[in-house]
Amino acid sequence: MYGTIRIERNPSCKTKPGQEENLGFGRHFTDHMFIMDYEEGQGWHDPRIIPYGPLSHDPAAMVFHYGQAVFEGLKAFRTDKEDIVLFRPDQNAKRLNRSCERLSMPALDEEFVVHAIQSLVRLDAEWVPRKEGSSLYIRPFVMATEAGLGVRASSRYSFIIIMSPVGAYYEEGLQPVNILVEGHFARAVQGGTGNAKVAGNYAASLNAQAVAKENNCAQVLWLDAIEKKYLEEVGSMNVFFKINGEVVTPSLSGSILEGITRKSIIHLLNEWGIPVKEQKIAIDDIVAAYENGTLEEAFGTGTAAVVSPIGSLLWQGKSMVINQGNIGELVQRLYDTITDIQFGRTSDTHNWLVSC
Ligand SMILES: *Cc1c(COP(=O)(O)O)cnc(C)c1O
């Protein structure tokens with residue numbers, strides 16, 4: 001599509017973190033990165049894999065001033081048979097284009113994006129960790145690079161992919177977390193950028209995150225920006241509830257990010273014959289279910305953790321403990337099923353895996 005990927009090998013590869021080292025999240029980076037440039041008139045060109053290292057940009061580069069930056073997040077897993085696989089990378093490529101479109105950034109060929117990811121993973125394959133539950137986190141992103149201070153769409157961009165070996169999100173198995181229902185700050189609004197993976201969305205979420213921490217909560221549960229009534233997401237995860245045997249998740253309202261984990265979970269629940277509905281969910285509905293004893297489970301979903309059980313919700317100074325703070329049966333089943341597919345422990349009947 002954009003020509004063959006030129007490879008410039010790193011002459012001084014780093015020492016990889018040891019098998020037993022706690023990798024954390026996004027602290028170590030592999031030996032190489034992928035870059036491709038865009039220029040108006042010329043389009044995307046010069047795809048290359050080069051040694052990982054600092055980028056040099058003009059201080060007037062538009063990304064620093066007007067925030068044209070979008071990203072993706074996915075993982076490569078090492079299976080027991082030593083194959084390296086990606087989980088639904090086509091979906092990430094598609095969403096990257098939707099995000100680019102929202103910020104008036106140029107589209108990328110989706111098959112080429114997957115090909116670029118595969119090429120980089122293959123070259124840095126030794127960086128895909130072997131420890132139980134660990135994986136290689138892949139971060140593709142696009143940013144505006146034209147120098148200039150006029151507010152308009154940049155005429156130049158870079159598409160970059162970097163990668164980081166990450167530990168199991170839950171070193172000790174799933175752990176329920178406390179969540180603060182956020183009644184003041186908003187993450188996103190209809191017509192805004194909440195349904196795109198736009199860098200600025202995460203900057204805008206940081207002070208609410210700090211308030212959550214002060215309240216001994218791991219994350220916030222966002223309400224809609226207008227009525228402060230309907231549930232949206234939990235931190236940067238989608239959210240699900242099991243109420244009276246039925247699963248519900250907020251419908252895509254225009255301000256919710258459409259997670260690939262969310263989509264996969266809805267697919268599995270349908271397959272298992274467990275009723276699942278996408279609908280508007282008011283915080284009052286959750287309070288009512290809690291009070292009448294039908295709120296059985298609550299959990300967040302996203303690439304980093306797969307699922308994250310919610311142990312309690314703090315709303316208007318009152319803590320609602322869910323499932324006595326224990327891990328629910330459904331959230332555990334979803335976690336086991338998805339990670340078994342990712343690590344090749346069960347057959348991939350949905351064709352969600354793509355090898356590198
Ligand atoms: C990335 C993200 C998610 C989860 O998406 P996945 O594709 O499942 O990783 C959910 N909400 C927000 C705001 C996100 O940025």
# chains A, B, ... in the order shown; residues from 1 in each chain; ligands from 1

call {"tool": "residues_near_ligand", "arguments": {"ligand": "ligand 1", "cutoff": "7 Å", "atoms": "only C-alpha atoms and all ligand atoms", "output": "VMD selection string"}}
result
chain A and resid 73 to 74 194 197 233 235 to 238 256 to 262 301 to 304

call {"tool": "write_last_selection", "arguments": {"atoms": "N, CA, C and O atoms", "output": "CSV table (one decimal), in the first residue's frame"}}
result
chain,number,residue,atom,x,y,z
A,73,GLY,N,-4.8,1.0,21.6
A,73,GLY,CA,-4.2,0.2,22.6
A,73,GLY,C,-4.6,-1.3,22.3
A,73,GLY,O,-5.8,-1.5,22.3
A,74,LEU,N,-3.6,-2.2,22.1
A,74,LEU,CA,-3.9,-3.6,21.9
A,74,LEU,C,-2.7,-4.4,22.4
A,74,LEU,O,-1.7,-3.8,22.8
A,194,GLY,N,-15.8,12.1,22.9
A,194,GLY,CA,-15.8,11.0,23.9
A,194,GLY,C,-15.8,9.6,23.2
A,194,GLY,O,-15.3,8.6,23.7
A,197,LYS,N,-10.8,7.9,20.5
A,197,LYS,CA,-9.6,7.8,21.4
A,197,LYS,C,-8.7,8.9,21.2
A,197,LYS,O,-7.7,8.8,20.6
A,233,GLU,N,-19.1,5.5,31.6
A,233,GLU,CA,-18.0,4.6,31.6
A,233,GLU,C,-17.4,4.6,33.0
A,233,GLU,O,-17.6,5.5,33.7
A,235,GLY,N,-13.8,5.0,34.5
A,235,GLY,CA,-12.4,5.4,34.1
A,235,GLY,C,-12.3,5.3,32.6
A,235,GLY,O,-13.0,6.0,31.9
A,236,SER,N,-11.3,4.6,32.1
A,236,SER,CA,-11.2,4.4,30.6
A,236,SER,C,-11.6,3.0,30.3
A,236,SER,O,-10.9,2.3,29.6
A,237,MET,N,-12.7,2.5,30.9
A,237,MET,CA,-13.3,1.2,30.6
A,237,MET,C,-14.7,1.3,30.4
A,237,MET,O,-15.4,2.3,31.0
A,238,ASN,N,-15.3,0.4,29.7
A,238,ASN,CA,-16.8,0.4,29.6
A,238,ASN,C,-17.3,-0.3,30.8
A,238,ASN,O,-16.5,-1.0,31.5
A,256,ILE,N,-19.6,7.8,24.5
A,256,ILE,CA,-19.0,6.6,25.1
A,256,ILE,C,-18.1,6.0,24.1
A,256,ILE,O,-18.4,6.0,22.9
A,257,LEU,N,-16.9,5.6,24.5
A,257,LEU,CA,-15.9,4.9,23.6
A,257,LEU,C,-16.4,3.5,23.4
A,257,LEU,O,-16.7,2.8,24.4
A,258,GLU,N,-16.5,3.1,22.2
A,258,GLU,CA,-16.9,1.7,21.9
A,258,GLU,C,-15.7,0.7,22.0
A,258,GLU,O,-14.9,0.6,21.2
A,259,GLY,N,-15.7,0.1,23.2
A,259,GLY,CA,-14.6,-0.8,23.5
A,259,GLY,C,-14.6,-2.1,22.7
A,259,GLY,O,-15.7,-2.6,22.4
A,260,ILE,N,-13.5,-2.6,22.3
A,260,ILE,CA,-13.4,-3.9,21.6
A,260,ILE,C,-13.7,-5.0,22.6
A,260,ILE,O,-14.3,-6.1,22.3
A,261,THR,N,-13.3,-4.8,23.9
A,261,THR,CA,-13.6,-5.8,24.9
A,261,THR,C,-15.1,-5.8,25.2
A,261,THR,O,-15.7,-6.9,25.3
A,262,ARG,N,-15.7,-4.7,25.2
A,262,ARG,CA,-17.2,-4.6,25.4
A,262,ARG,C,-17.9,-5.4,24.3
A,262,ARG,O,-18.8,-6.2,24.6
A,301,THR,N,-14.7,-3.0,31.6
A,301,THR,CA,-14.1,-3.9,30.6
A,301,THR,C,-13.1,-3.0,29.7
A,301,THR,O,-13.5,-1.9,29.3
A,302,GLY,N,-12.0,-3.6,29.4
A,302,GLY,CA,-11.0,-2.9,28.5
A,302,GLY,C,-9.8,-3.7,28.3
A,302,GLY,O,-9.6,-4.7,29.0
A,303,THR,N,-9.0,-3.4,27.3
A,303,THR,CA,-7.8,-4.2,26.9
A,303,THR,C,-6.8,-4.4,28.0
A,303,THR,O,-6.3,-5.5,28.2
A,304,ALA,N,-6.6,-3.4,28.9
A,304,ALA,CA,-5.5,-3.5,29.9
A,304,ALA,C,-5.8,-4.6,30.9
A,304,ALA,O,-5.0,-5.4,31.2

call {"tool": "residues_around", "arguments": {"residues": "stretch 37-40 of chain A", "least_positions_apart": "6", "cutoff": "7 Å", "atoms": "only C-alpha atoms", "output": "JSON, numbers by chain"}}
result
{"A": [46, 155, 156, 157, 158, 159]}

call {"tool": "write_last_selection", "arguments": {"atoms": "N, CA, C and O atoms", "output": "PDB file, in the first residue's frame"}}
result
ATOM      1  N   ASP A  46       6.882   6.611   3.265  1.00  0.00           N
ATOM      2  CA  ASP A  46       8.107   6.243   3.988  1.00  0.00           C
ATOM      3  C   ASP A  46       7.853   5.453   5.277  1.00  0.00           C
ATOM      4  O   ASP A  46       8.327   5.839   6.358  1.00  0.00           O
ATOM      5  N   SER A 155      -1.180  19.998   8.010  1.00  0.00           N
ATOM      6  CA  SER A 155      -0.993  19.382   6.686  1.00  0.00           C
ATOM      7  C   SER A 155       0.024  18.245   6.757  1.00  0.00           C
ATOM      8  O   SER A 155       0.297  17.593   5.771  1.00  0.00           O
ATOM      9  N   ARG A 156       0.598  18.035   7.959  1.00  0.00           N
ATOM     10  CA  ARG A 156       1.568  16.950   8.141  1.00  0.00           C
ATOM     11  C   ARG A 156       1.248  16.173   9.411  1.00  0.00           C
ATOM     12  O   ARG A 156       0.854  16.774  10.426  1.00  0.00           O
ATOM     13  N   TYR A 157       1.477  14.865   9.350  1.00  0.00           N
ATOM     14  CA  TYR A 157       1.217  13.996  10.503  1.00  0.00           C
ATOM     15  C   TYR A 157       2.272  12.896  10.574  1.00  0.00           C
ATOM     16  O   TYR A 157       2.934  12.596   9.581  1.00  0.00           O
ATOM     17  N   SER A 158       2.399  12.283  11.740  1.00  0.00           N
ATOM     18  CA  SER A 158       3.163  11.044  11.871  1.00  0.00           C
ATOM     19  C   SER A 158       2.264   9.982  12.485  1.00  0.00           C
ATOM     20  O   SER A 158       1.486  10.273  13.409  1.00  0.00           O
ATOM     21  N   PHE A 159       2.398   8.772  11.953  1.00  0.00           N
ATOM     22  CA  PHE A 159       1.755   7.591  12.535  1.00  0.00           C
ATOM     23  C   PHE A 159       2.888   6.767  13.142  1.00  0.00           C
ATOM     24  O   PHE A 159       3.845   6.416  12.446  1.00  0.00           O
TER      25      PHE A 159
END

call {"tool": "closest_residue", "arguments": {"among": "A:His115, A:His32, A:Arg130, A:Lys94", "to": "A:Glu20", "atoms": "only C-alpha atoms"}}
result
A:Arg130

call {"tool": "select_by_dssp", "arguments": {"residues": "stretch 83-278 of chain A", "states": "strand (DSSP E or B)", "output": "ChimeraX atom specification"}}
result
/A:84-87,135-144,147,156-166,177-182,198,219-223,230-234,237-243,246-250,276-278

call {"tool": "atom_distance", "arguments": {"atom1": "atom CA of A:Asp348", "atom2": "atom CA of A:Tyr335"}}
result
15.0 Å

call {"tool": "residues_around", "arguments": {"residues": "A:Ile49", "least_positions_apart": "4", "cutoff": "8 Å", "atoms": "only C-alpha atoms", "output": "VMD selection string"}}
result
chain A and resid 5 to 9 32 to 35 120

call {"tool": "decode", "arguments": {"residues": "stretch 103-123 of chain A", "atoms": "N, CA, C and O atoms", "output": "mmCIF file, in the first residue's frame"}}
result
data_model
loop_
_atom_site.group_PDB
_atom_site.id
_atom_site.type_symbol
_atom_site.label_atom_id
_atom_site.label_comp_id
_atom_site.auth_asym_id
_atom_site.auth_seq_id
_atom_site.Cartn_x
_atom_site.Cartn_y
_atom_site.Cartn_z
ATOM 1 N N LEU A 103 -10.971 14.120 14.354
ATOM 2 C CA LEU A 103 -10.054 15.250 14.544
ATOM 3 C C LEU A 103 -9.516 15.785 13.218
ATOM 4 O O LEU A 103 -8.470 16.439 13.181
ATOM 5 N N SER A 104 -10.227 15.507 12.116
ATOM 6 C CA SER A 104 -9.822 15.991 10.787
ATOM 7 C C SER A 104 -8.402 15.571 10.430
ATOM 8 O O SER A 104 -7.629 16.343 9.879
ATOM 9 N N MET A 105 -8.080 14.340 10.782
ATOM 10 C CA MET A 105 -6.768 13.795 10.452
ATOM 11 C C MET A 105 -6.947 12.760 9.340
ATOM 12 O O MET A 105 -8.004 12.158 9.226
ATOM 13 N N PRO A 106 -5.916 12.536 8.520
ATOM 14 C CA PRO A 106 -6.082 11.653 7.365
ATOM 15 C C PRO A 106 -6.233 10.184 7.756
ATOM 16 O O PRO A 106 -5.639 9.737 8.731
ATOM 17 N N ALA A 107 -7.025 9.460 6.973
ATOM 18 C CA ALA A 107 -7.246 8.032 7.227
ATOM 19 C C ALA A 107 -6.006 7.220 6.865
ATOM 20 O O ALA A 107 -5.157 7.662 6.090
ATOM 21 N N LEU A 108 -5.934 6.026 7.453
ATOM 22 C CA LEU A 108 -4.850 5.071 7.148
ATOM 23 C C LEU A 108 -5.479 3.820 6.551
ATOM 24 O O LEU A 108 -6.614 3.467 6.891
ATOM 25 N N ASP A 109 -4.752 3.136 5.706
ATOM 26 C CA ASP A 109 -5.233 1.859 5.195
ATOM 27 C C ASP A 109 -5.244 0.854 6.356
ATOM 28 O O ASP A 109 -4.205 0.616 6.981
ATOM 29 N N GLU A 110 -6.417 0.289 6.652
ATOM 30 C CA GLU A 110 -6.546 -0.531 7.862
ATOM 31 C C GLU A 110 -5.728 -1.811 7.793
ATOM 32 O O GLU A 110 -5.135 -2.236 8.791
ATOM 33 N N GLU A 111 -5.681 -2.427 6.617
ATOM 34 C CA GLU A 111 -4.864 -3.645 6.493
ATOM 35 C C GLU A 111 -3.387 -3.328 6.681
ATOM 36 O O GLU A 111 -2.640 -4.108 7.261
ATOM 37 N N PHE A 112 -2.993 -2.158 6.195
ATOM 38 C CA PHE A 112 -1.589 -1.781 6.358
ATOM 39 C C PHE A 112 -1.259 -1.540 7.834
ATOM 40 O O PHE A 112 -0.166 -1.883 8.292
ATOM 41 N N VAL A 113 -2.187 -0.952 8.566
ATOM 42 C CA VAL A 113 -1.953 -0.721 10.003
ATOM 43 C C VAL A 113 -1.684 -2.057 10.703
ATOM 44 O O VAL A 113 -0.721 -2.188 11.471
ATOM 45 N N VAL A 114 -2.497 -3.075 10.404
ATOM 46 C CA VAL A 114 -2.297 -4.390 11.015
ATOM 47 C C VAL A 114 -0.951 -4.970 10.569
ATOM 48 O O VAL A 114 -0.192 -5.514 11.382
ATOM 49 N N HIS A 115 -0.633 -4.802 9.289
ATOM 50 C CA HIS A 115 0.637 -5.295 8.749
ATOM 51 C C HIS A 115 1.821 -4.607 9.457
ATOM 52 O O HIS A 115 2.825 -5.260 9.789
ATOM 53 N N ALA A 116 1.714 -3.317 9.701
ATOM 54 C CA ALA A 116 2.790 -2.577 10.387
ATOM 55 C C ALA A 116 2.965 -3.102 11.812
ATOM 56 O O ALA A 116 4.092 -3.308 12.274
ATOM 57 N N ILE A 117 1.839 -3.353 12.505
ATOM 58 C CA ILE A 117 1.906 -3.890 13.868
ATOM 59 C C ILE A 117 2.581 -5.266 13.841
ATOM 60 O O ILE A 117 3.499 -5.548 14.618
ATOM 61 N N GLN A 118 2.130 -6.116 12.922
ATOM 62 C CA GLN A 118 2.709 -7.471 12.827
ATOM 63 C C GLN A 118 4.215 -7.402 12.570
ATOM 64 O O GLN A 118 4.988 -8.142 13.178
ATOM 65 N N SER A 119 4.635 -6.501 11.673
ATOM 66 C CA SER A 119 6.058 -6.409 11.313
ATOM 67 C C SER A 119 6.892 -5.997 12.522
ATOM 68 O O SER A 119 7.981 -6.529 12.747
ATOM 69 N N LEU A 120 6.373 -5.028 13.276
ATOM 70 C CA LEU A 120 7.113 -4.544 14.445
ATOM 71 C C LEU A 120 7.179 -5.629 15.524
ATOM 72 O O LEU A 120 8.234 -5.854 16.131
ATOM 73 N N VAL A 121 6.050 -6.308 15.756
ATOM 74 C CA VAL A 121 6.028 -7.365 16.777
ATOM 75 C C VAL A 121 6.996 -8.482 16.380
ATOM 76 O O VAL A 121 7.739 -8.997 17.217
ATOM 77 N N ARG A 122 7.011 -8.835 15.096
ATOM 78 C CA ARG A 122 7.901 -9.904 14.632
ATOM 79 C C ARG A 122 9.361 -9.545 14.905
ATOM 80 O O ARG A 122 10.134 -10.354 15.374
ATOM 81 N N LEU A 123 9.709 -8.281 14.620
ATOM 82 C CA LEU A 123 11.103 -7.865 14.802
ATOM 83 C C LEU A 123 11.487 -7.867 16.286
ATOM 84 O O LEU A 123 12.598 -8.244 16.641
#
